[in-house]
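Source file: protein07.csv; contents: CSV, C-alpha atoms.
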chain,number,residue,atom,x,y,z
A,1,MET,CA,153.5,81.5,36.3
A,2,GLN,CA,150.1,79.8,35.8
A,3,ALA,CA,149.1,80.8,39.4
A,4,ALA,CA,150.0,84.4,38.7
A,5,ALA,CA,148.0,84.5,35.5
A,6,SER,CA,145.0,83.0,37.3
A,7,ARG,CA,145.2,85.7,40.0
A,8,MET,CA,145.5,88.4,37.4
A,9,ARG,CA,142.3,87.1,35.6
A,10,LYS,CA,140.4,87.1,38.9
A,11,THR,CA,141.6,90.6,39.8
A,12,THR,CA,140.6,91.9,36.4
A,13,ALA,CA,137.2,90.4,36.8
A,14,VAL,CA,136.6,92.0,40.2
A,15,ILE,CA,137.7,95.4,38.8
A,16,ALA,CA,135.3,95.0,35.8
A,17,LEU,CA,132.4,94.1,38.1
A,18,GLY,CA,133.2,97.1,40.3
A,19,ILE,CA,133.1,99.4,37.4
A,20,ALA,CA,129.8,97.9,36.2
A,21,ALA,CA,128.3,98.4,39.6
A,22,LEU,CA,129.4,102.0,39.6
A,23,PHE,CA,127.7,102.4,36.2
A,24,ALA,CA,124.5,101.0,37.6
A,25,ALA,CA,124.6,103.4,40.6
A,26,VAL,CA,125.4,106.5,38.5
A,27,ASP,CA,122.7,105.6,35.9
A,28,PHE,CA,120.1,105.2,38.7
A,29,ALA,CA,121.0,108.6,40.3
A,30,GLU,CA,121.0,110.2,36.9
A,31,ALA,CA,117.6,108.9,36.0
A,32,ARG,CA,116.3,110.1,39.4
A,33,ARG,CA,117.6,113.7,38.8
A,34,ALA,CA,116.4,113.7,35.2
A,35,GLY,CA,112.8,113.4,36.2
A,36,GLY,CA,111.7,111.9,33.0
A,37,SER,CA,108.1,111.7,31.7
A,38,GLY,CA,104.8,112.4,33.3
A,39,PHE,CA,102.1,110.0,34.3
A,40,GLY,CA,98.4,110.1,34.9
A,41,SER,CA,95.5,111.8,33.1
A,42,ARG,CA,94.6,115.4,32.3
A,43,GLY,CA,91.3,114.4,30.7
A,44,ALA,CA,90.9,115.7,27.1
A,45,ARG,CA,94.2,117.6,27.6
A,46,THR,CA,96.3,114.6,28.4
A,47,PHE,CA,98.3,114.9,25.2
A,48,SER,CA,98.4,118.7,25.1
A,49,ALA,CA,101.2,120.6,26.8
A,50,PRO,CA,100.1,122.7,29.8
A,51,ALA,CA,100.3,126.5,29.4
A,52,PRO,CA,103.6,127.9,30.6
A,53,THR,CA,103.7,130.0,33.8
A,54,ASN,CA,106.1,132.1,35.7
A,55,THR,CA,106.9,129.1,37.9
A,56,ALA,CA,107.4,126.7,35.0
A,57,PRO,CA,108.1,128.9,31.9
A,58,GLY,CA,109.7,126.0,30.0
A,59,THR,CA,108.1,122.9,28.3
A,60,ALA,CA,106.4,120.3,30.5
A,61,ALA,CA,107.5,116.7,30.1
A,62,PRO,CA,104.9,114.8,28.0
A,63,VAL,CA,102.5,112.3,29.8
A,64,GLN,CA,104.0,109.0,28.7
A,65,ARG,CA,102.3,106.7,31.3
A,66,THR,CA,98.6,107.1,31.0
A,67,MET,CA,95.4,105.0,30.5
A,68,THR,CA,93.8,107.8,28.4
A,69,PRO,CA,93.5,106.7,24.8
A,70,GLN,CA,95.4,108.8,22.3
A,71,PRO,CA,93.2,110.7,19.8
A,72,ALA,CA,92.6,108.9,16.5
A,73,GLN,CA,94.8,109.9,13.6
A,74,GLY,CA,93.4,113.0,12.0
A,75,GLN,CA,91.8,114.2,15.2
A,76,GLN,CA,93.4,116.8,17.5
A,77,ALA,CA,93.5,116.7,21.2
A,78,THR,CA,91.8,119.7,22.8
A,79,PRO,CA,94.6,122.2,23.6
A,80,GLY,CA,94.9,124.2,26.7
A,81,ALA,CA,95.2,128.0,26.6
A,82,GLY,CA,98.4,128.8,24.8
A,83,ALA,CA,99.5,125.2,24.8
A,84,ARG,CA,100.6,123.0,21.9
A,85,GLN,CA,99.7,119.4,21.2
A,86,GLN,CA,102.5,117.1,22.2
A,87,GLN,CA,102.5,113.4,21.5
A,88,ALA,CA,104.1,111.1,24.1
A,89,ALA,CA,107.6,110.0,23.2
A,90,GLN,CA,108.8,106.4,23.6
A,91,PRO,CA,110.6,105.8,26.8
A,92,SER,CA,114.4,105.7,26.7
A,93,ARG,CA,116.0,102.3,26.6
A,94,GLY,CA,118.8,103.6,28.8
A,95,LEU,CA,122.6,103.6,28.4
A,96,PHE,CA,122.7,99.8,27.9
A,97,GLY,CA,119.5,99.4,26.0
A,98,GLY,CA,118.9,97.9,22.5
A,99,MET,CA,121.5,96.1,20.4
A,100,GLY,CA,124.4,97.9,22.1
A,101,GLY,CA,123.3,96.7,25.5
A,102,ALA,CA,123.0,93.1,24.2
A,103,LEU,CA,126.5,93.2,22.7
A,104,LEU,CA,128.0,94.8,25.8
A,105,GLY,CA,126.2,92.5,28.1
A,106,GLY,CA,127.4,89.4,26.1
A,107,LEU,CA,131.0,90.6,26.1
A,108,LEU,CA,130.9,91.4,29.8
A,109,MET,CA,129.4,88.1,30.9
A,110,GLY,CA,131.5,86.1,28.5
A,111,GLY,CA,134.7,87.8,29.5
A,112,LEU,CA,134.0,87.6,33.3
A,113,LEU,CA,133.1,83.9,33.0
A,114,GLY,CA,136.2,83.3,31.0
A,115,MET,CA,138.5,85.1,33.5
A,116,LEU,CA,136.9,83.4,36.5
A,117,PHE,CA,136.4,79.9,35.3
A,118,GLY,CA,138.0,79.6,31.8
A,119,GLY,CA,141.2,77.8,32.5
A,120,GLY,CA,143.5,77.7,29.5
A,121,MET,CA,142.5,81.0,27.9
A,122,GLY,CA,145.6,82.6,29.3
A,123,GLY,CA,146.7,85.8,27.6
A,124,PHE,CA,143.5,86.1,25.5
A,125,ALA,CA,141.4,86.3,28.7
A,126,GLY,CA,143.6,89.0,30.2
A,127,PHE,CA,143.5,90.9,26.9
A,128,LEU,CA,139.7,90.7,26.8
A,129,GLY,CA,139.6,91.9,30.4
A,130,LEU,CA,141.7,94.9,29.4
A,131,ILE,CA,139.3,95.7,26.5
A,132,LEU,CA,136.3,95.5,28.9
A,133,GLN,CA,137.9,97.9,31.4
A,134,VAL,CA,138.7,100.4,28.6
A,135,ALA,CA,135.2,100.2,27.2
A,136,LEU,CA,133.6,100.6,30.6
A,137,ILE,CA,135.7,103.6,31.4
A,138,GLY,CA,134.8,105.1,28.1
A,139,PHE,CA,131.1,104.7,28.8
A,140,LEU,CA,131.7,106.4,32.2
A,141,VAL,CA,133.2,109.4,30.5
A,142,VAL,CA,130.3,109.6,28.0
A,143,LEU,CA,127.8,109.4,30.9
A,144,ALA,CA,129.6,112.2,32.8
A,145,MET,CA,129.6,114.4,29.7
A,146,ARG,CA,125.9,113.8,29.2
A,147,PHE,CA,125.2,114.6,32.8
A,148,PHE,CA,127.2,117.9,32.9
A,149,GLY,CA,125.9,118.8,29.4
A,150,ARG,CA,122.3,118.7,30.7
A,151,ARG,CA,123.1,121.0,33.6
A,152,GLN,CA,124.6,123.6,31.3
A,153,GLN,CA,121.4,123.9,29.2
A,154,PRO,CA,120.1,127.5,29.4
A,155,ALA,CA,116.7,128.1,31.1
A,156,ALA,CA,113.8,129.1,29.0
A,157,ALA,CA,112.7,132.7,29.1
A,158,ALA,CA,110.1,133.5,31.7
A,159,SER,CA,106.5,134.0,30.5
A,160,GLY,CA,104.9,137.3,31.0
A,161,GLY,CA,101.4,135.9,31.8
A,162,ALA,CA,99.5,136.9,34.8
A,163,ALA,CA,98.5,133.5,36.1
A,164,PRO,CA,97.2,133.4,39.6
A,165,SER,CA,100.0,132.5,42.0
A,166,PHE,CA,100.2,131.0,45.5
A,167,GLY,CA,102.8,129.9,47.9
A,168,GLY,CA,106.1,131.6,48.6
A,169,THR,CA,108.0,133.9,46.2
A,170,GLY,CA,111.6,133.8,45.1
A,171,PRO,CA,113.7,133.5,42.0
A,172,ASP,CA,112.9,130.6,39.7
A,173,THR,CA,115.3,127.6,39.5
A,174,THR,CA,116.9,125.9,36.6
A,175,ARG,CA,117.5,122.7,38.5
A,176,THR,CA,116.1,119.7,36.6
A,177,PRO,CA,113.5,118.0,38.8
A,178,PHE,CA,113.1,114.3,39.4
A,179,SER,CA,109.9,112.3,39.6
A,180,PHE,CA,108.7,110.3,42.5
A,181,GLY,CA,111.3,107.6,43.5
A,182,GLY,CA,113.5,108.5,40.6
A,183,MET,CA,111.8,105.8,38.5
A,184,GLY,CA,110.0,108.0,36.1
A,185,GLY,CA,109.9,106.5,32.6
A,186,THR,CA,111.1,103.1,33.7
A,187,GLY,CA,107.7,101.6,34.2
A,188,SER,CA,105.4,100.3,31.5
A,189,THR,CA,103.8,102.9,29.2
A,190,GLY,CA,100.1,102.7,29.7
A,191,SER,CA,99.1,104.9,26.8
A,192,GLY,CA,96.2,103.2,25.1
A,193,SER,CA,95.9,102.5,21.4
A,194,ALA,CA,94.2,105.1,19.3
A,195,ALA,CA,90.5,104.8,19.2
A,196,PRO,CA,88.8,104.8,15.7
A,197,PHE,CA,86.6,107.7,16.7
A,198,GLN,CA,86.3,110.0,19.7
A,199,ALA,CA,83.5,112.5,20.2
A,200,PRO,CA,84.7,116.0,21.0
A,201,VAL,CA,84.7,116.8,24.7
A,202,MET,CA,83.0,120.0,25.7
A,203,GLU,CA,85.2,122.1,27.9
A,204,THR,CA,84.3,125.2,29.9
A,205,PRO,CA,86.6,127.6,31.8
A,206,LEU,CA,86.8,127.0,35.6
A,207,ASP,CA,87.2,129.7,38.2
A,208,LEU,CA,89.1,128.7,41.3
A,209,GLU,CA,89.0,130.1,44.8
A,210,GLU,CA,91.7,130.8,47.3
A,211,ALA,CA,90.6,127.6,49.2
A,212,ASP,CA,91.4,125.5,46.2
A,213,PHE,CA,95.0,126.8,46.0
A,214,ASP,CA,95.4,126.2,49.8
A,215,ARG,CA,94.3,122.6,49.2
A,216,PHE,CA,96.7,122.1,46.4
A,217,GLU,CA,99.6,123.3,48.6
A,218,GLN,CA,98.4,120.9,51.4
A,219,MET,CA,98.2,118.0,49.0
A,220,LEU,CA,101.7,118.6,47.7
A,221,ALA,CA,103.1,117.8,51.1
A,222,GLU,CA,100.5,115.1,51.9
A,223,VAL,CA,101.2,113.1,48.7
A,224,GLN,CA,105.0,113.4,48.9
A,225,GLU,CA,105.2,112.4,52.5
A,226,ALA,CA,102.7,109.5,52.1
A,227,TYR,CA,104.9,108.3,49.2
A,228,GLY,CA,107.9,108.4,51.5
A,229,ARG,CA,106.1,106.4,54.2
A,230,GLU,CA,104.9,103.9,51.6
A,231,ASP,CA,101.4,104.7,52.9
A,232,TYR,CA,99.2,103.1,50.3
A,233,ALA,CA,96.0,103.9,52.2
A,234,ALA,CA,96.8,107.6,52.2
A,235,LEU,CA,97.8,107.6,48.5
A,236,ARG,CA,94.4,105.9,47.6
A,237,ARG,CA,92.6,108.7,49.4
A,238,LEU,CA,94.7,111.5,47.8
A,239,ALA,CA,95.0,110.2,44.2
A,240,THR,CA,92.8,109.0,41.5
A,241,PRO,CA,92.9,105.2,40.9
A,242,GLU,CA,95.0,105.7,37.8
A,243,ALA,CA,97.6,108.0,39.4
A,244,MET,CA,97.6,105.6,42.4
A,245,SER,CA,98.4,102.7,40.2
A,246,PHE,CA,101.5,104.4,38.8
A,247,LEU,CA,102.7,105.5,42.3
A,248,ALA,CA,102.3,102.0,43.6
A,249,GLU,CA,104.2,100.7,40.6
A,250,GLU,CA,107.1,103.0,41.4
A,251,LEU,CA,107.1,102.0,45.1
A,252,GLY,CA,107.1,98.3,44.0
A,253,GLU,CA,110.1,98.9,41.7
A,254,LEU,CA,112.0,100.5,44.5
A,255,ALA,CA,111.2,97.7,46.9
A,256,SER,CA,112.2,95.0,44.5
A,257,ALA,CA,115.5,96.8,44.1
A,258,GLY,CA,116.1,96.8,47.8
A,259,ARG,CA,115.5,100.6,48.1
A,260,ARG,CA,113.0,103.1,49.5
A,261,ASN,CA,112.4,106.8,48.9
A,262,ALA,CA,112.4,108.9,52.1
A,263,VAL,CA,110.7,112.3,51.7
A,264,SER,CA,110.0,114.8,54.4
A,265,ASP,CA,109.9,118.6,55.2
A,266,VAL,CA,108.1,119.5,51.9
A,267,LYS,CA,107.7,123.2,51.4
A,268,LEU,CA,106.1,125.1,48.6
A,269,LEU,CA,108.4,127.9,47.4
A,270,GLN,CA,106.3,129.2,44.5
A,271,GLY,CA,103.2,128.2,42.6
A,272,ASP,CA,100.8,129.4,40.0
A,273,LEU,CA,97.9,128.2,37.9
A,274,SER,CA,98.5,126.9,34.4
A,275,GLU,CA,95.0,125.8,33.4
A,276,ALA,CA,91.6,125.2,35.0
A,277,TRP,CA,88.6,123.8,33.1
A,278,SER,CA,85.6,121.5,33.4
A,279,GLU,CA,84.6,118.5,31.3
A,280,GLY,CA,81.1,117.5,32.0
A,281,SER,CA,80.9,116.8,35.8
A,282,ASP,CA,84.7,116.7,36.2
A,283,ASP,CA,86.8,119.7,37.1
A,284,TYR,CA,90.5,119.9,36.3
A,285,ALA,CA,93.3,122.2,37.5
A,286,THR,CA,96.9,122.1,36.4
A,287,VAL,CA,99.3,124.0,38.7
A,288,ALA,CA,103.0,124.6,38.5
A,289,MET,CA,104.8,124.2,41.8
A,290,ARG,CA,108.4,124.8,42.8
A,291,PHE,CA,109.1,123.2,46.1
A,292,SER,CA,111.9,121.9,48.4
A,293,ALA,CA,112.1,118.7,50.3
A,294,LEU,CA,114.5,116.4,52.1
A,295,ASP,CA,114.5,113.6,49.5
A,296,ALA,CA,116.8,110.6,49.3
A,297,VAL,CA,116.8,107.1,48.0
A,298,LEU,CA,118.0,104.7,50.8
A,299,ASP,CA,119.2,101.1,51.0
A,300,ARG,CA,116.2,99.3,52.4
A,301,ASN,CA,118.2,97.2,54.9
A,302,SER,CA,121.0,99.4,56.0
A,303,GLY,CA,119.5,102.9,55.5
A,304,ARG,CA,122.5,104.0,53.6
A,305,VAL,CA,121.9,107.0,51.3
A,306,ILE,CA,122.2,106.0,47.7
A,307,SER,CA,121.2,109.3,46.1
A,308,GLY,CA,119.7,112.6,47.3
A,309,SER,CA,120.1,113.9,50.8
A,310,LEU,CA,118.4,113.7,54.2
A,311,GLU,CA,120.1,116.9,55.4
A,312,GLU,CA,120.2,119.3,52.4
A,313,PRO,CA,116.8,120.3,50.9
A,314,GLN,CA,116.5,119.7,47.2
A,315,GLU,CA,114.4,121.9,44.9
A,316,SER,CA,112.1,120.6,42.1
A,317,THR,CA,109.6,122.1,39.7
A,318,GLU,CA,106.7,120.0,38.6
A,319,LEU,CA,103.2,120.4,37.2
A,320,TRP,CA,100.4,118.7,39.1
A,321,THR,CA,97.0,118.2,37.7
A,322,PHE,CA,94.1,117.8,40.2
A,323,ARG,CA,90.6,116.5,39.5
A,324,ARG,CA,87.3,116.5,41.4
A,325,GLN,CA,84.1,115.0,40.4
A,326,GLN,CA,80.7,116.6,40.9
A,327,GLY,CA,81.9,119.1,43.5
A,328,GLY,CA,83.8,116.5,45.5
A,329,GLU,CA,87.3,116.6,47.0
A,330,TRP,CA,90.3,117.3,44.8
A,331,MET,CA,92.5,114.3,44.0
A,332,LEU,CA,95.9,114.1,42.3
A,333,ALA,CA,95.4,113.0,38.7
A,334,ALA,CA,98.7,113.6,37.0
A,335,ILE,CA,102.3,114.7,37.6
A,336,GLN,CA,104.7,116.1,34.9
A,337,GLY,CA,108.2,117.3,35.3
A,338,THR,CA,109.8,120.2,33.3
A,339,GLU,CA,112.2,119.8,30.5
Is it possible to give me this structure as structure tokens?
Amino acid sequence: MQAAASRMRKTTAVIALGIAALFAAVDFAEARRAGGSGFGSRGARTFSAPAPTNTAPGTAAPVQRTMTPQPAQGQQATPGAGARQQQAAQPSRGLFGGMGGALLGGLLMGGLLGMLFGGGMGGFAGFLGLILQVALIGFLVVLAMRFFGRRQQPAAAASGGAAPSFGGTGPDTTRTPFSFGGMGGTGSTGSGSAAPFQAPVMETPLDLEEADFDRFEQMLAEVQEAYGREDYAALRRLATPEAMSFLAEELGELASAGRRNAVSDVKLLQGDLSEAWSEGSDDYATVAMRFSALDAVLDRNSGRVISGSLEEPQESTELWTFRRQQGGEWMLAAIQGTE
């Protein structure tokens, strides 16, 4: 009888661990699809929402990870044309964050240790294991409801503006994009503390040429594929030091988790200009781009696909901000998903 009870405790522990691992995998894939916040800098417009376009008619995700100081209280960030000021929200603590995470983690570890090693606990350990299984299954149901609820949100109405477009044409997509590596919002928020005073930045409109849009399309593929190859040298050449630091942070998080992000066959489907302006000797351009790519997170050792696909192209819509200094080469300065 005692041996049967011991086997039951160990079996329950294995089941609970399996469900917990399933939660971790589902939460990782969900975070990757959800895209999350933006990162980088848009100069004086970092905390202003980009103007909507036909490609991205909805609201852009706020820039949460940035080294640009927020405007002091009482000051207003310089808005873009037709854009509203948008303060960066605090990053989500996740499904198991905060006090609930601490309680659940304590129950989980205490129950598993009791079932595996706690001789003498008997029926109480089995009962605790049952409670843990029911709680974990309940969380799985809630997570599934949250996932499917997001996909049923209606798309925002398309804007009637006449922004310059480039790339292919086709119907817009309501698919929620994901950020590089699926780790958006999981890193440290680099938004600086509010400065006591910031002098207003003089902005002037910027006219772009066809060659600029061609370069943006090229950089979309170059940056994505360099990220998939973990080519730090190429990313340093294509991105500003600030944007490069966030890309390197995401690559490091993937590597420490035993994963890598394979990206290839990047194709621009539709793109148009949101904003273009100059600040002193710096030129900025924010463009909305809808693109497809073979994009998957793989196990670093076995090559097993954890999320995404290496066979079926996936579509995403993002807003990329490019910067050039004193007539130099364009560099990636910021990336924002769409909400």
> Which neighbours of Ser37 (chain A) fall inside 6 Å, counting all atoms listed in the file, when residues of the same chain fewer than 6 positions from it are skipped, and could you give them as a VMD selection string?
Replying inline: chain A and resid 61 to 64 185
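Of the listed residues A:Leu206, A:Ala51, A:Val297, A:Leu247, the one whose atoms come nearest to Trp277 (chain A) is A:Leu206, with distances taken using all atoms listed in the file.
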> Suppose you want the space between CA of Gly58 (chain A) and CA of Thr338 (chain A); what is it in Å?
Replying inline: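 The value is 6.7 Å.
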> Distance CA of Arg237 (chain A)-CA of Met331 (chain A), one decimal place?
Replying inline: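 Separation between CA of Arg237 (chain A) and CA of Met331 (chain A): 7.8 Å.
When only C-alpha atoms are used to measure the gap to Glu249 (chain A), the shortest distance among A:Gly138, A:Tyr227, A:Asp299, A:Glu311 belongs to A:Tyr227.
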>> Please report the interatomic distance between CA of Ala211 (chain A) and CA of Gly328 (chain A) in Å with one decimal.
In response: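 Answer for the CA of Ala211 (chain A) to CA of Gly328 (chain A) separation: 13.5 Å.
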>> With distances taken over only C-alpha atoms, which residue among A:Ala276, A:Ala333, A:Ala262, A:Leu251 lies nearest Ala296 (chain A)?
In response: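 Smallest distance to Ala296 (chain A) is found for A:Ala262.
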In the coordinates of the file, take the point (94.8, 120.0, 36.4) and a cut-off of 10 Å; then, counting all atoms listed in the file, name each qualifying protein, DNA or RNA residue as a JSON list (two decimals) with C-alpha atoms, in the frame of the given file.
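That gives us point_20.json:
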[["chain", "number", "residue", "atom", "x", "y", "z"],
["A", 41, "SER", "CA", 95.50, 111.80, 33.10],
["A", 42, "ARG", "CA", 94.60, 115.40, 32.30],
["A", 43, "GLY", "CA", 91.30, 114.40, 30.70],
["A", 45, "ARG", "CA", 94.20, 117.60, 27.60],
["A", 46, "THR", "CA", 96.30, 114.60, 28.40],
["A", 50, "PRO", "CA", 100.10, 122.70, 29.80],
["A", 273, "LEU", "CA", 97.90, 128.20, 37.90],
["A", 274, "SER", "CA", 98.50, 126.90, 34.40],
["A", 275, "GLU", "CA", 95.00, 125.80, 33.40],
["A", 276, "ALA", "CA", 91.60, 125.20, 35.00],
["A", 277, "TRP", "CA", 88.60, 123.80, 33.10],
["A", 278, "SER", "CA", 85.60, 121.50, 33.40],
["A", 283, "ASP", "CA", 86.80, 119.70, 37.10],
["A", 284, "TYR", "CA", 90.50, 119.90, 36.30],
["A", 285, "ALA", "CA", 93.30, 122.20, 37.50],
["A", 286, "THR", "CA", 96.90, 122.10, 36.40],
["A", 287, "VAL", "CA", 99.30, 124.00, 38.70],
["A", 288, "ALA", "CA", 103.00, 124.60, 38.50],
["A", 319, "LEU", "CA", 103.20, 120.40, 37.20],
["A", 320, "TRP", "CA", 100.40, 118.70, 39.10],
["A", 321, "THR", "CA", 97.00, 118.20, 37.70],
["A", 322, "PHE", "CA", 94.10, 117.80, 40.20],
["A", 323, "ARG", "CA", 90.60, 116.50, 39.50],
["A", 324, "ARG", "CA", 87.30, 116.50, 41.40],
["A", 330, "TRP", "CA", 90.30, 117.30, 44.80],
["A", 331, "MET", "CA", 92.50, 114.30, 44.00],
["A", 332, "LEU", "CA", 95.90, 114.10, 42.30],
["A", 333, "ALA", "CA", 95.40, 113.00, 38.70],
["A", 334, "ALA", "CA", 98.70, 113.60, 37.00],
["A", 335, "ILE", "CA", 102.30, 114.70, 37.60]]
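Closest approach to Ser292 (chain A) among A:Asp207, A:Glu253, A:Glu315, A:Glu217: A:Glu315, based on all atoms listed in the file.
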Leaving out Phe246 (chain A) and any residue of its chain fewer than 4 positions from it, which residues lie within 8 Å of it when counting all atoms listed in the file, given as a compact mmCIF listing (two decimals) with C-alpha atoms, in the coordinates of the input?
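The resulting file, around_37.txt, is reproduced below:
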# COMPACT_ATOMS: atom_id res chain seq x y z
CA PHE A 39 102.10 110.00 34.30
CA GLY A 40 98.40 110.10 34.90
CA ARG A 65 102.30 106.70 31.30
CA GLU A 242 95.00 105.70 37.80
CA GLU A 250 107.10 103.00 41.40
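The shortest atom-to-atom distance to Gly258 (chain A), with only C-alpha atoms taken into account, belongs to A:Gly303 out of A:Gly303, A:Gly271, A:Pro241, A:Pro69.
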>> Here is a test: counting only C-alpha atoms, which residue of A:Ser256, A:Gln218, A:Asn261, A:Gln325 is nearest to Ile306 (chain A)?
In response: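 Result for the nearest residue to Ile306 (chain A): A:Asn261.
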> Which polymer residues have any atom within 9 Å of an atom of Glu210 (chain A), counting only C-alpha atoms, with same-chain residues fewer than 4 positions away left out, as a PyMOL selection string?
Replying inline: chain A and resi 166+214-215
> Residues at most 10 Å from Ala221 (chain A), counting all atoms listed in the file, excluding those fewer than 6 positions away in the same chain, as a PyMOL selection string?
Replying inline: chain A and resi 227+263-268+291+293
Write to file, as a PDB file, in the frame of the given file, the residues of the selection just made, with C-alpha atoms.
ATOM      1  CA  TYR A 227     104.900 108.300  49.200  1.00  0.00           C
ATOM      2  CA  VAL A 263     110.700 112.300  51.700  1.00  0.00           C
ATOM      3  CA  SER A 264     110.000 114.800  54.400  1.00  0.00           C
ATOM      4  CA  ASP A 265     109.900 118.600  55.200  1.00  0.00           C
ATOM      5  CA  VAL A 266     108.100 119.500  51.900  1.00  0.00           C
ATOM      6  CA  LYS A 267     107.700 123.200  51.400  1.00  0.00           C
ATOM      7  CA  LEU A 268     106.100 125.100  48.600  1.00  0.00           C
ATOM      8  CA  PHE A 291     109.100 123.200  46.100  1.00  0.00           C
ATOM      9  CA  ALA A 293     112.100 118.700  50.300  1.00  0.00           C
TER      10      ALA A 293
END
Reconstructed N, CA and C atoms for region 236-247 of chain A, given as an mmCIF file, in the coordinates of the input:
data_model
loop_
_atom_site.group_PDB
_atom_site.id
_atom_site.type_symbol
_atom_site.label_atom_id
_atom_site.label_comp_id
_atom_site.auth_asym_id
_atom_site.auth_seq_id
_atom_site.Cartn_x
_atom_site.Cartn_y
_atom_site.Cartn_z
ATOM 1 N N ARG A 236 95.749 106.215 48.210
ATOM 2 C CA ARG A 236 94.400 105.900 47.600
ATOM 3 C C ARG A 236 93.428 107.007 47.912
ATOM 4 N N ARG A 237 93.555 107.632 49.076
ATOM 5 C CA ARG A 237 92.600 108.700 49.400
ATOM 6 C C ARG A 237 92.953 110.000 48.699
ATOM 7 N N LEU A 238 94.220 110.220 48.385
ATOM 8 C CA LEU A 238 94.700 111.500 47.800
ATOM 9 C C LEU A 238 94.721 111.484 46.292
ATOM 10 N N ALA A 239 94.816 110.320 45.664
ATOM 11 C CA ALA A 239 95.000 110.200 44.200
ATOM 12 C C ALA A 239 93.913 109.460 43.542
ATOM 13 N N THR A 240 93.727 109.736 42.264
ATOM 14 C CA THR A 240 92.800 109.000 41.500
ATOM 15 C C THR A 240 93.289 107.529 41.349
ATOM 16 N N PRO A 241 92.425 106.574 41.053
ATOM 17 C CA PRO A 241 92.900 105.200 40.900
ATOM 18 C C PRO A 241 94.015 105.044 39.880
ATOM 19 N N GLU A 242 93.938 105.800 38.777
ATOM 20 C CA GLU A 242 95.000 105.700 37.800
ATOM 21 C C GLU A 242 96.320 106.231 38.297
ATOM 22 N N ALA A 243 96.318 107.432 38.882
ATOM 23 C CA ALA A 243 97.600 108.000 39.400
ATOM 24 C C ALA A 243 98.091 107.083 40.548
ATOM 25 N N MET A 244 97.202 106.541 41.375
ATOM 26 C CA MET A 244 97.600 105.600 42.400
ATOM 27 C C MET A 244 98.318 104.406 41.884
ATOM 28 N N SER A 245 97.829 103.885 40.759
ATOM 29 C CA SER A 245 98.400 102.700 40.200
ATOM 30 C C SER A 245 99.886 102.938 39.776
ATOM 31 N N PHE A 246 100.166 104.135 39.233
ATOM 32 C CA PHE A 246 101.500 104.400 38.800
ATOM 33 C C PHE A 246 102.434 104.690 40.037
ATOM 34 N N LEU A 247 101.896 105.353 41.063
ATOM 35 C CA LEU A 247 102.700 105.500 42.300
ATOM 36 C C LEU A 247 103.003 104.204 42.935
#
